file target_37.tsv (TSV, C-alpha atoms and all ligand atoms)
chain	number	residue	atom	x	y	z
A	24	MET	CA	54.49	-46.26	234.99
A	25	SER	CA	52.70	-46.44	231.62
A	26	SER	CA	54.91	-46.63	228.53
A	27	PRO	CA	55.16	-43.55	226.31
A	28	SER	CA	52.85	-43.39	223.29
A	29	PRO	CA	54.28	-44.25	219.85
A	30	GLU	CA	53.94	-40.56	218.88
A	31	HIS	CA	55.97	-39.56	221.92
A	32	VAL	CA	58.71	-42.09	221.11
A	33	ILE	CA	58.85	-40.92	217.49
A	34	GLU	CA	59.14	-37.27	218.50
A	35	ASN	CA	61.92	-38.06	220.99
A	36	GLN	CA	63.77	-40.05	218.34
A	37	ARG	CA	63.50	-37.16	215.90
A	38	GLN	CA	64.91	-34.71	218.45
A	39	ASP	CA	67.63	-37.10	219.66
A	40	TRP	CA	69.07	-37.81	216.22
A	41	ASN	CA	68.76	-34.24	214.99
A	42	ARG	CA	70.76	-33.20	218.06
A	43	VAL	CA	73.69	-35.51	217.19
A	44	ALA	CA	73.69	-34.90	213.42
A	45	GLY	CA	76.72	-32.57	213.69
A	46	GLY	CA	78.64	-35.30	215.55
A	47	TRP	CA	77.83	-37.84	212.84
A	48	GLU	CA	79.13	-35.46	210.18
A	49	LYS	CA	82.26	-34.72	212.20
A	50	TRP	CA	83.14	-38.41	212.59
A	51	ASP	CA	81.76	-39.49	209.21
A	52	ARG	CA	85.00	-40.53	207.55
A	53	PHE	CA	86.13	-42.48	210.61
A	54	PHE	CA	82.89	-44.45	211.07
A	55	ASP	CA	82.49	-45.00	207.36
A	56	GLU	CA	85.86	-46.75	207.32
A	57	GLN	CA	85.06	-48.73	210.48
A	58	MET	CA	81.54	-49.85	209.59
A	59	ALA	CA	81.52	-50.07	205.77
A	60	PHE	CA	81.71	-53.87	205.96
A	61	LEU	CA	78.15	-53.86	207.32
A	62	ASN	CA	76.90	-51.83	204.36
A	63	HIS	CA	78.43	-54.30	201.91
A	64	ARG	CA	76.81	-57.16	203.80
A	65	LEU	CA	73.39	-55.45	203.65
A	66	VAL	CA	73.69	-54.73	199.94
A	67	ALA	CA	74.55	-58.41	199.40
A	68	ASP	CA	71.77	-59.74	201.66
A	69	ALA	CA	69.23	-57.51	199.87
A	70	ARG	CA	70.45	-58.93	196.51
A	71	VAL	CA	70.89	-55.40	195.15
A	72	ARG	CA	71.53	-55.29	191.40
A	73	SER	CA	72.01	-52.69	188.70
A	74	GLY	CA	68.79	-50.86	187.82
A	75	MET	CA	66.92	-51.67	191.04
A	76	HIS	CA	64.66	-49.28	192.97
A	77	VAL	CA	65.71	-49.60	196.62
A	78	LEU	CA	64.38	-48.13	199.86
A	79	ASP	CA	66.70	-47.53	202.84
A	80	LEU	CA	65.02	-47.06	206.23
A	81	GLY	CA	66.43	-44.78	208.91
A	82	SER	CA	69.26	-43.73	206.60
A	83	GLY	CA	70.64	-41.14	208.98
A	84	THR	CA	73.71	-39.65	207.32
A	85	GLY	CA	73.43	-42.08	204.41
A	86	TYR	CA	74.21	-45.65	205.44
A	87	PRO	CA	73.83	-47.91	203.61
A	88	ALA	CA	71.89	-45.77	201.08
A	89	LEU	CA	75.00	-44.22	199.50
A	90	LEU	CA	76.68	-47.57	198.84
A	91	THR	CA	73.36	-48.93	197.53
A	92	ALA	CA	73.12	-46.00	195.11
A	93	GLN	CA	76.54	-46.95	193.74
A	94	ALA	CA	75.44	-50.59	193.46
A	95	VAL	CA	72.22	-49.88	191.52
A	96	GLY	CA	74.06	-47.57	189.12
A	97	THR	CA	72.62	-44.80	187.00
A	98	LYS	CA	69.69	-46.92	185.82
A	99	GLY	CA	68.63	-47.58	189.40
A	100	GLN	CA	67.25	-45.40	192.15
A	101	VAL	CA	67.53	-45.28	195.95
A	102	VAL	CA	65.25	-43.49	198.39
A	103	GLY	CA	66.38	-43.00	201.98
A	104	ILE	CA	63.92	-42.03	204.67
A	105	ASP	CA	64.54	-40.91	208.24
A	106	LEU	CA	62.77	-38.91	210.94
A	107	ALA	CA	65.70	-36.56	211.44
A	108	ALA	CA	66.01	-33.86	208.77
A	109	GLN	CA	69.44	-32.80	209.99
A	110	MET	CA	70.86	-36.32	209.64
A	111	LEU	CA	69.47	-36.39	206.10
A	112	ASP	CA	70.98	-33.00	205.27
A	113	ALA	CA	74.40	-34.55	205.91
A	114	ALA	CA	73.45	-37.54	203.72
A	115	LYS	CA	72.43	-35.16	200.91
A	116	ARG	CA	75.74	-33.29	201.14
A	117	LYS	CA	77.65	-36.57	200.87
A	118	ALA	CA	75.57	-37.73	197.89
A	119	ALA	CA	76.42	-34.47	196.13
A	120	LEU	CA	80.14	-34.88	196.90
A	121	LEU	CA	80.00	-38.41	195.49
A	122	ASN	CA	78.19	-37.14	192.37
A	123	LEU	CA	75.30	-39.52	193.04
A	124	SER	CA	72.18	-38.23	191.30
A	125	ASN	CA	70.22	-41.47	191.74
A	126	VAL	CA	69.63	-41.18	195.50
A	127	THR	CA	67.10	-38.97	197.26
A	128	PHE	CA	66.45	-38.52	200.96
A	129	GLN	CA	63.15	-37.56	202.56
A	130	THR	CA	61.81	-37.30	206.08
A	131	GLY	CA	59.31	-39.93	207.15
A	132	ASP	CA	58.44	-42.59	209.71
A	133	VAL	CA	59.26	-46.22	208.99
A	134	THR	CA	56.05	-47.30	210.71
A	135	SER	CA	53.92	-45.54	208.14
A	136	LEU	CA	55.73	-45.54	204.82
A	137	PRO	CA	54.64	-42.87	202.31
A	138	PHE	CA	54.87	-45.22	199.31
A	139	GLU	CA	52.48	-47.26	197.17
A	140	GLN	CA	52.41	-51.02	197.65
A	141	THR	CA	54.98	-53.07	195.68
A	142	SER	CA	57.12	-49.98	194.93
A	143	PHE	CA	60.58	-51.39	195.71
A	144	ASP	CA	62.93	-54.16	194.51
A	145	ALA	CA	64.71	-54.29	197.89
A	146	VAL	CA	64.70	-52.67	201.35
A	147	THR	CA	67.79	-52.14	203.51
A	148	THR	CA	68.07	-50.79	207.03
A	149	ARG	CA	71.03	-50.39	209.41
A	150	PHE	CA	70.70	-49.67	213.16
A	151	CYS	CA	67.16	-48.27	212.95
A	152	LEU	CA	64.48	-50.89	213.57
A	153	MET	CA	65.20	-51.28	217.31
A	154	PHE	CA	64.30	-47.63	217.89
A	155	LEU	CA	60.74	-48.01	216.58
A	156	PRO	CA	57.83	-48.10	219.04
A	157	GLU	CA	55.86	-50.54	216.84
A	158	ILE	CA	58.32	-52.84	215.09
A	159	PRO	CA	55.81	-55.52	213.94
A	160	LYS	CA	53.71	-52.79	212.34
A	161	ALA	CA	56.79	-51.44	210.53
A	162	VAL	CA	57.69	-54.92	209.27
A	163	VAL	CA	54.20	-55.26	207.78
A	164	GLU	CA	54.71	-51.87	206.12
A	165	ILE	CA	58.03	-53.05	204.66
A	166	ALA	CA	56.32	-56.15	203.25
A	167	ARG	CA	53.61	-53.93	201.74
A	168	VAL	CA	56.04	-51.69	199.81
A	169	LEU	CA	58.26	-54.57	198.58
A	170	LYS	CA	57.59	-56.26	195.25
A	171	PRO	CA	56.92	-60.02	195.33
A	172	LYS	CA	60.20	-62.02	195.71
A	173	ALA	CA	62.09	-58.89	196.86
A	174	TRP	CA	64.43	-58.92	199.89
A	175	LEU	CA	64.63	-57.01	203.14
A	176	ALA	CA	68.13	-56.86	204.71
A	177	SER	CA	68.55	-55.41	208.18
A	178	ALA	CA	71.25	-54.87	210.79
A	179	VAL	CA	70.53	-54.38	214.50
A	180	TRP	CA	72.73	-54.53	217.58
A	181	SER	CA	73.17	-57.92	219.24
A	182	ALA	CA	73.54	-58.58	222.99
A	183	PRO	CA	75.19	-55.98	225.27
A	184	ASP	CA	77.78	-58.48	226.56
A	185	LYS	CA	79.07	-58.95	223.02
A	186	ASN	CA	79.17	-55.19	222.42
A	187	PRO	CA	81.74	-53.68	224.81
A	188	TYR	CA	81.88	-50.77	222.34
A	189	LEU	CA	78.41	-49.74	223.55
A	190	LYS	CA	78.24	-51.46	226.94
A	191	ILE	CA	81.31	-49.88	228.59
A	192	PRO	CA	79.82	-46.38	229.03
A	193	ILE	CA	76.37	-47.72	229.96
A	194	ASP	CA	77.84	-49.90	232.73
A	195	ILE	CA	79.96	-47.04	234.03
A	196	ILE	CA	77.08	-44.55	234.04
A	197	LYS	CA	75.15	-47.14	236.08
A	198	GLN	CA	77.88	-46.99	238.73
A	199	PHE	CA	76.76	-43.42	239.47
A	200	VAL	CA	72.99	-43.36	238.96
A	201	GLU	CA	70.28	-45.95	239.18
A	202	ILE	CA	68.90	-46.78	235.78
A	203	PRO	CA	65.91	-49.12	235.96
A	204	PRO	CA	66.27	-52.23	233.77
A	205	PRO	CA	64.62	-51.39	230.45
A	206	ASP	CA	61.22	-52.84	229.60
A	207	PRO	CA	62.29	-55.61	227.16
A	208	THR	CA	59.73	-54.35	224.64
A	209	ALA	CA	60.69	-50.67	224.91
A	210	PRO	CA	62.56	-49.13	221.96
A	211	GLY	CA	66.30	-48.88	222.53
A	212	ILE	CA	69.76	-49.94	221.40
A	213	PHE	CA	69.36	-53.61	222.42
A	214	ARG	CA	65.61	-54.03	221.77
A	215	LEU	CA	66.25	-56.55	218.94
A	216	ALA	CA	69.36	-58.17	220.43
A	217	LYS	CA	67.66	-61.46	221.30
A	218	PRO	CA	68.19	-64.25	218.75
A	219	GLY	CA	65.05	-64.88	216.74
A	220	GLU	CA	63.17	-61.76	217.86
A	221	LEU	CA	63.30	-59.78	214.61
A	222	ALA	CA	63.30	-62.97	212.52
A	223	GLY	CA	60.05	-63.98	214.28
A	224	MET	CA	58.48	-60.64	213.40
A	225	LEU	CA	59.47	-61.13	209.75
A	226	GLN	CA	57.91	-64.57	209.80
A	227	GLN	CA	54.69	-63.17	211.31
A	228	ALA	CA	54.56	-60.61	208.50
A	229	GLY	CA	54.78	-63.40	205.90
A	230	PHE	CA	58.46	-63.20	204.92
A	231	VAL	CA	60.13	-66.44	203.79
A	232	ASP	CA	63.73	-67.69	203.42
A	233	ILE	CA	64.57	-65.81	206.60
A	234	SER	CA	68.23	-65.80	207.63
A	235	GLU	CA	69.86	-64.54	210.79
A	236	HIS	CA	73.58	-64.23	211.44
A	237	GLU	CA	75.46	-62.67	214.28
A	238	PHE	CA	78.29	-60.77	212.70
A	239	LEU	CA	81.28	-60.10	214.96
A	240	GLY	CA	83.74	-57.29	214.44
A	241	ASP	CA	85.37	-54.41	216.24
A	242	VAL	CA	85.74	-50.66	216.06
A	243	GLN	CA	89.38	-49.58	216.20
A	244	PHE	CA	90.65	-46.39	217.77
A	245	SER	CA	94.16	-45.02	218.08
A	246	ARG	CA	93.43	-43.69	221.57
A	247	ALA	CA	90.79	-44.39	224.25
A	248	GLU	CA	90.03	-40.64	224.34
A	249	GLU	CA	89.06	-40.84	220.68
A	250	TYR	CA	86.64	-43.65	221.51
A	251	PHE	CA	85.06	-41.65	224.31
A	252	SER	CA	84.57	-38.43	222.39
A	253	SER	CA	83.35	-40.06	219.17
A	254	LEU	CA	80.79	-42.24	220.94
A	255	MET	CA	79.51	-39.33	223.02
A	256	ASP	CA	79.21	-37.22	219.86
A	257	ILE	CA	77.08	-39.73	217.94
A	258	ALA	CA	75.26	-42.10	220.33
A	259	ALA	CA	72.07	-40.22	221.18
A	260	PRO	CA	70.74	-42.88	223.63
A	261	ILE	CA	74.05	-42.89	225.57
A	262	GLN	CA	74.10	-39.07	225.60
A	263	ASN	CA	70.65	-39.22	227.21
A	264	LEU	CA	72.02	-41.39	230.04
A	265	TRP	CA	75.10	-39.18	230.36
A	266	THR	CA	72.97	-36.12	231.15
A	267	LYS	CA	71.78	-37.89	234.33
A	268	LEU	CA	75.29	-37.39	235.81
A	269	ASN	CA	76.41	-34.15	237.42
A	270	LEU	CA	79.66	-32.53	236.27
A	271	THR	CA	81.82	-34.17	238.94
A	272	GLN	CA	80.35	-37.56	238.12
A	273	GLN	CA	80.89	-36.96	234.40
A	274	THR	CA	84.59	-36.24	234.97
A	275	GLU	CA	85.02	-39.42	237.01
A	276	ALA	CA	82.91	-41.48	234.58
A	277	ARG	CA	84.95	-40.24	231.60
A	278	ASP	CA	88.18	-41.34	233.33
A	279	ARG	CA	86.71	-44.78	234.08
A	280	ILE	CA	85.43	-45.22	230.50
A	281	ILE	CA	88.82	-44.29	229.06
A	282	GLN	CA	90.61	-46.58	231.50
A	283	THR	CA	88.28	-49.53	230.74
A	284	ALA	CA	88.54	-49.00	226.99
A	285	GLY	CA	92.34	-48.97	227.37
A	286	GLN	CA	92.16	-52.61	228.47
A	287	TYR	CA	91.18	-53.50	224.89
A	288	ARG	CA	94.50	-52.35	223.45
A	289	ASN	CA	95.75	-54.69	220.77
A	290	GLY	CA	99.11	-53.55	219.42
A	291	SER	CA	98.81	-50.02	218.11
A	292	VAL	CA	95.00	-49.83	218.37
A	293	ILE	CA	92.20	-50.10	220.89
A	294	ALA	CA	89.82	-52.64	219.35
A	295	LEU	CA	86.37	-52.59	220.90
A	296	PRO	CA	84.27	-55.64	219.97
A	297	ILE	CA	80.88	-55.28	218.34
A	298	ALA	CA	78.23	-57.89	217.50
A	299	VAL	CA	75.60	-57.11	214.91
A	300	ARG	CA	72.54	-59.22	214.13
A	301	MET	CA	71.95	-59.38	210.39
A	302	VAL	CA	68.41	-60.49	209.59
A	303	ALA	CA	67.13	-60.88	206.03
A	304	GLY	CA	63.97	-62.25	204.48
A	305	ARG	CA	62.14	-62.42	201.16
A	306	LYS	CA	58.59	-61.48	200.35
A	307	PRO	CA	56.90	-64.50	198.81
A	308	GLY	CA	56.37	-64.34	195.03
B	401	LIG	C1	71.77	-45.07	214.80
B	401	LIG	S1	71.07	-44.09	213.55
B	401	LIG	C2	71.51	-45.09	212.14
B	401	LIG	C3	71.63	-44.28	210.87
B	401	LIG	C4	72.18	-45.05	209.67
B	401	LIG	N1	71.27	-46.04	209.18
B	401	LIG	C5	73.51	-45.68	210.02
B	401	LIG	O1	73.56	-46.91	210.24
B	401	LIG	O2	74.52	-44.95	210.09
B	401	LIG	C6	69.33	-44.41	213.71
B	401	LIG	C7	68.51	-43.61	212.73
B	401	LIG	O3	67.16	-44.13	212.74
B	401	LIG	C8	66.28	-43.03	212.61
B	401	LIG	N2	64.94	-43.40	213.10
B	401	LIG	C9	64.58	-43.76	214.35
B	401	LIG	N3	63.27	-44.04	214.39
B	401	LIG	C10	62.79	-43.85	213.14
B	401	LIG	C11	61.50	-43.96	212.54
B	401	LIG	N4	60.43	-44.33	213.26
B	401	LIG	N5	61.37	-43.68	211.24
B	401	LIG	C12	62.44	-43.27	210.49
B	401	LIG	N6	63.67	-43.16	211.01
B	401	LIG	C13	63.86	-43.44	212.31
B	401	LIG	C14	66.93	-41.93	213.43
B	401	LIG	O4	66.44	-40.65	213.12
B	401	LIG	C15	68.41	-42.13	213.10
B	401	LIG	O5	68.84	-41.33	212.04
call {"tool": "encode", "arguments": {"input": "target_37.tsv", "output": "structure tokens"}}
result
Amino acid sequence: MSSPSPEHVIENQRQDWNRVAGGWEKWDRFFDEQMAFLNHRLVADARVRSGMHVLDLGSGTGYPALLTAQAVGTKGQVVGIDLAAQMLDAAKRKAALLNLSNVTFQTGDVTSLPFEQTSFDAVTTRFCLMFLPEIPKAVVEIARVLKPKAWLASAVWSAPDKNPYLKIPIDIIKQFVEIPPPDPTAPGIFRLAKPGELAGMLQQAGFVDISEHEFLGDVQFSRAEEYFSSLMDIAAPIQNLWTKLNLTQQTEARDRIIQTAGQYRNGSVIALPIAVRMVAGRKPG
């Protein structure tokens, strides 16, 4: 079977993430608390400073753009772009609540950035690049819009085996329906999981001082049911697999997911491991 065109992938991504925008807003406080450490790491890796003009790619509901806006202060400016207008609407509401007037959000595709060359002092991006149909092309675009010596800092998911948080439901869905192994170059959650893959693309695009670290953590829930419903509310790619099950299978799969997640109980919480690949690089000066 031929792979879908880039335009087709982009359109599906737009629809997928718009569909789950309400879920992201519902669970915003929870995931902000659980994942904020990644935003701080990105802001540090991108060497964000007061007064900078920073671009955040695939901002969704505002991560890490909102933290970056606080870091650059009133003299700086942050632009967040994303395909999904409804995700960005939530980001805009949060920016208003936080009284941040130095961050704007606009729809756009990372593969074809609507900005002049050398417009930005830094670029950040969390959990977006692996969903692009043409990642090397996007990395060249990022290099184009960065000023000389400016940093790109990115976070993508690492290997499935190190990410029970995401792997548990995928494995259980596979117990009910056959899901062909993904084309290793097809966009998806684990597309950039392999060590060196994204770093190699940065190198190809001319970035220097490239660093790559696998950052281990966990997401903590008070109950396994909370894990199940939150993940199903926000994880568009897993929702897509879930719809392949009939209602009886969904009931059984839910029970198995909750039971498996329960095995990760650690004291008063269920701590599901995550592994995130942090890749940064600098445009030569
Ligand atoms: C998992 S969400 C991550 C959102 C946010 N960065 C975060 O970490 O919470 C992935 C986001 O990437 C966006 N996205 C996917 N492909 C994109 C593209 N080609 N251009 C711009 N945004 C894209 C989606 O619309 C979605 O909001």
call {"tool": "atom_distance", "arguments": {"input": "target_37.tsv", "atom1": "atom CA of Pro205 of chain A", "atom2": "atom O2 of ligand LIG 401 (chain B)"}}
result
23.5 Å
call {"tool": "closest_atom_pairs", "arguments": {"input": "target_37.tsv", "of": "chain A", "to": "ligand LIG 401 (chain B)", "cutoff": "6 Å", "atoms": "all atoms listed in the file", "output": "tab-separated table"}}
result
residue	atom	partner	partner_atom	distance
A:Ile33	CA	B:LIG401	N4	5.7
A:Gln36	CA	B:LIG401	C9	5.5
A:Arg37	CA	B:LIG401	O4	5.3
A:Trp40	CA	B:LIG401	O4	5.0
A:Gly81	CA	B:LIG401	N6	3.8
A:Ser82	CA	B:LIG401	N1	4.0
A:Gly83	CA	B:LIG401	O5	3.6
A:Tyr86	CA	B:LIG401	C5	4.6
A:Asp105	CA	B:LIG401	N6	3.7
A:Leu106	CA	B:LIG401	N6	4.3
A:Ala107	CA	B:LIG401	O4	4.5
A:Met110	CA	B:LIG401	O5	5.9
A:Gly131	CA	B:LIG401	C12	5.7
A:Asp132	CA	B:LIG401	N5	3.5
A:Val133	CA	B:LIG401	N5	4.0
A:Thr134	CA	B:LIG401	N4	5.9
A:Arg149	CA	B:LIG401	N1	4.4
A:Phe150	CA	B:LIG401	C2	4.8
A:Cys151	CA	B:LIG401	O3	4.1
A:Phe154	CA	B:LIG401	N3	5.1
A:Leu155	CA	B:LIG401	N4	5.0
call {"tool": "write_last_selection", "arguments": {"input": "target_37.tsv", "atoms": "C-alpha atoms", "output": "PDB file, in the coordinates of the input"}}
result
ATOM      1  CA  ILE A  33      58.850 -40.920 217.490  1.00  0.00           C
ATOM      2  CA  GLN A  36      63.770 -40.050 218.340  1.00  0.00           C
ATOM      3  CA  ARG A  37      63.500 -37.160 215.900  1.00  0.00           C
ATOM      4  CA  TRP A  40      69.070 -37.810 216.220  1.00  0.00           C
ATOM      5  CA  GLY A  81      66.430 -44.780 208.910  1.00  0.00           C
ATOM      6  CA  SER A  82      69.260 -43.730 206.600  1.00  0.00           C
ATOM      7  CA  GLY A  83      70.640 -41.140 208.980  1.00  0.00           C
ATOM      8  CA  TYR A  86      74.210 -45.650 205.440  1.00  0.00           C
ATOM      9  CA  ASP A 105      64.540 -40.910 208.240  1.00  0.00           C
ATOM     10  CA  LEU A 106      62.770 -38.910 210.940  1.00  0.00           C
ATOM     11  CA  ALA A 107      65.700 -36.560 211.440  1.00  0.00           C
ATOM     12  CA  MET A 110      70.860 -36.320 209.640  1.00  0.00           C
ATOM     13  CA  GLY A 131      59.310 -39.930 207.150  1.00  0.00           C
ATOM     14  CA  ASP A 132      58.440 -42.590 209.710  1.00  0.00           C
ATOM     15  CA  VAL A 133      59.260 -46.220 208.990  1.00  0.00           C
ATOM     16  CA  THR A 134      56.050 -47.300 210.710  1.00  0.00           C
ATOM     17  CA  ARG A 149      71.030 -50.390 209.410  1.00  0.00           C
ATOM     18  CA  PHE A 150      70.700 -49.670 213.160  1.00  0.00           C
ATOM     19  CA  CYS A 151      67.160 -48.270 212.950  1.00  0.00           C
ATOM     20  CA  PHE A 154      64.300 -47.630 217.890  1.00  0.00           C
ATOM     21  CA  LEU A 155      60.740 -48.010 216.580  1.00  0.00           C
TER      22      LEU A 155
END
call {"tool": "axis_aligned_box", "arguments": {"input": "target_37.tsv", "around": "segment 209-221 of chain A", "padding_each_side": "8 Å", "output": "JSON"}}
result
{"center_x": 65.2, "center_y": -56.9, "center_z": 219.8, "size_x": 25.1, "size_y": 32.0, "size_z": 26.3}
call {"tool": "residues_near_point", "arguments": {"input": "target_37.tsv", "point": "(57.0, -52.5, 194.2)", "cutoff": "9 Å", "atoms": "all atoms listed in the file", "output": "list in words"}}
result
His76, Glu139, Gln140, Thr141, Ser142, Phe143, Asp144, Ala145, Arg167, Val168, Leu169, Lys170, Pro171 and Ala173 of chain A
call {"tool": "atom_distance", "arguments": {"input": "target_37.tsv", "atom1": "atom CA of Leu239 of chain A", "atom2": "atom CA of Arg72 of chain A"}}
result
25.9 Å
call {"tool": "residues_around", "arguments": {"input": "target_37.tsv", "residues": "Met58 of chain A", "least_positions_apart": "4", "cutoff": "10 Å", "atoms": "only C-alpha atoms", "output": "ChimeraX atom specification"}}
result
/A:53-54,62-63,86-87,240-242
call {"tool": "atom_distance", "arguments": {"input": "target_37.tsv", "atom1": "atom CA of Thr147 of chain A", "atom2": "atom CA of Pro307 of chain A"}}
result
17.1 Å
call {"tool": "closest_residue", "arguments": {"input": "target_37.tsv", "among": "A:Ala88, A:Ile280, A:Leu120, A:Ile257", "to": "Asp194 of chain A", "atoms": "all atoms listed in the file"}}
result
A:Ile280
call {"tool": "closest_residue", "arguments": {"input": "target_37.tsv", "among": "A:Ser135, A:Gln272, A:Gln109, A:Thr91", "to": "Ala44 of chain A", "atoms": "only C-alpha atoms"}}
result
A:Gln109
call {"tool": "closest_residue", "arguments": {"input": "target_37.tsv", "among": "A:Asn41, A:Thr148, A:Thr84, A:Ser26", "to": "Phe128 of chain A", "atoms": "only C-alpha atoms"}}
result
A:Thr84
call {"tool": "closest_residue", "arguments": {"input": "target_37.tsv", "among": "A:Ile297, A:Ala161, A:Leu175, A:Val292", "to": "Asp232 of chain A", "atoms": "all atoms listed in the file"}}
result
A:Leu175
call {"tool": "closest_atom_pairs", "arguments": {"input": "target_37.tsv", "of": "segment 213-282 of chain A", "to": "segment 45-52 of chain A", "cutoff": "9 Å", "atoms": "all atoms listed in the file", "output": "tab-separated table"}}
result
residue	atom	partner	partner_atom	distance
A:Ser253	CA	A:Trp50	CA	6.8
A:Met255	CA	A:Gly46	CA	8.5
A:Asp256	CA	A:Gly46	CA	4.8
A:Ile257	CA	A:Gly46	CA	5.3
A:Ala258	CA	A:Gly46	CA	9.0
call {"tool": "closest_residue", "arguments": {"input": "target_37.tsv", "among": "A:Leu268, A:Val162, A:Val95, A:Val231", "to": "Ser177 of chain A", "atoms": "only C-alpha atoms"}}
result
A:Val162
call {"tool": "residues_near_point", "arguments": {"input": "target_37.tsv", "point": "(88.0, -49.7, 220.1)", "cutoff": "6 Å", "atoms": "all atoms listed in the file", "output": "list of chain:residue names"}}
result
A:Val242, A:Gln243, A:Phe244, A:Ile293, A:Ala294, A:Leu295
call {"tool": "closest_residue", "arguments": {"input": "target_37.tsv", "among": "A:Ala303, A:Val43, A:Ala92, A:Gln57", "to": "Leu111 of chain A", "atoms": "all atoms listed in the file"}}
result
A:Val43
call {"tool": "residues_around", "arguments": {"input": "target_37.tsv", "residues": "segment 214-219 of chain A", "least_positions_apart": "6", "cutoff": "10 Å", "atoms": "all atoms listed in the file", "output": "PyMOL selection string"}}
result
chain A and resi 152-155+158+178-183+205-208+225-226+234-237+298-300+302
call {"tool": "write_last_selection", "arguments": {"input": "target_37.tsv", "atoms": "C-alpha atoms", "output": "tab-separated table (two decimals), in the frame of the given file"}}
result
chain	number	residue	atom	x	y	z
A	152	LEU	CA	64.48	-50.89	213.57
A	153	MET	CA	65.20	-51.28	217.31
A	154	PHE	CA	64.30	-47.63	217.89
A	155	LEU	CA	60.74	-48.01	216.58
A	158	ILE	CA	58.32	-52.84	215.09
A	178	ALA	CA	71.25	-54.87	210.79
A	179	VAL	CA	70.53	-54.38	214.50
A	180	TRP	CA	72.73	-54.53	217.58
A	181	SER	CA	73.17	-57.92	219.24
A	182	ALA	CA	73.54	-58.58	222.99
A	183	PRO	CA	75.19	-55.98	225.27
A	205	PRO	CA	64.62	-51.39	230.45
A	206	ASP	CA	61.22	-52.84	229.60
A	207	PRO	CA	62.29	-55.61	227.16
A	208	THR	CA	59.73	-54.35	224.64
A	225	LEU	CA	59.47	-61.13	209.75
A	226	GLN	CA	57.91	-64.57	209.80
A	234	SER	CA	68.23	-65.80	207.63
A	235	GLU	CA	69.86	-64.54	210.79
A	236	HIS	CA	73.58	-64.23	211.44
A	237	GLU	CA	75.46	-62.67	214.28
A	298	ALA	CA	78.23	-57.89	217.50
A	299	VAL	CA	75.60	-57.11	214.91
A	300	ARG	CA	72.54	-59.22	214.13
A	302	VAL	CA	68.41	-60.49	209.59
call {"tool": "residues_around", "arguments": {"input": "target_37.tsv", "residues": "Ala69 of chain A", "least_positions_apart": "2", "cutoff": "7 Å", "atoms": "only C-alpha atoms", "output": "PyMOL selection string"}}
result
chain A and resi 65-67+71+145-147+174-176
call {"tool": "decode", "arguments": {"input": "target_37.tsv", "residues": "segment 245-258 of chain A", "atoms": "C-alpha atoms", "output": "compact mmCIF listing (two decimals), in the first residue's frame"}}
result
# COMPACT_ATOMS: atom_id res chain seq x y z
CA SER A 245 -4.11 8.47 42.10
CA ARG A 246 -6.15 5.74 40.40
CA ALA A 247 -5.70 3.55 37.30
CA GLU A 248 -9.14 4.72 36.08
CA GLU A 249 -7.80 8.28 36.05
CA TYR A 250 -4.91 7.13 33.86
CA PHE A 251 -7.25 5.42 31.42
CA SER A 252 -9.70 8.27 31.02
CA SER A 253 -7.08 11.03 30.81
CA LEU A 254 -5.01 9.22 28.19
CA MET A 255 -8.07 8.39 26.11
CA ASP A 256 -9.19 12.03 26.31
CA ILE A 257 -5.90 13.50 25.03
CA ALA A 258 -3.95 10.91 23.00
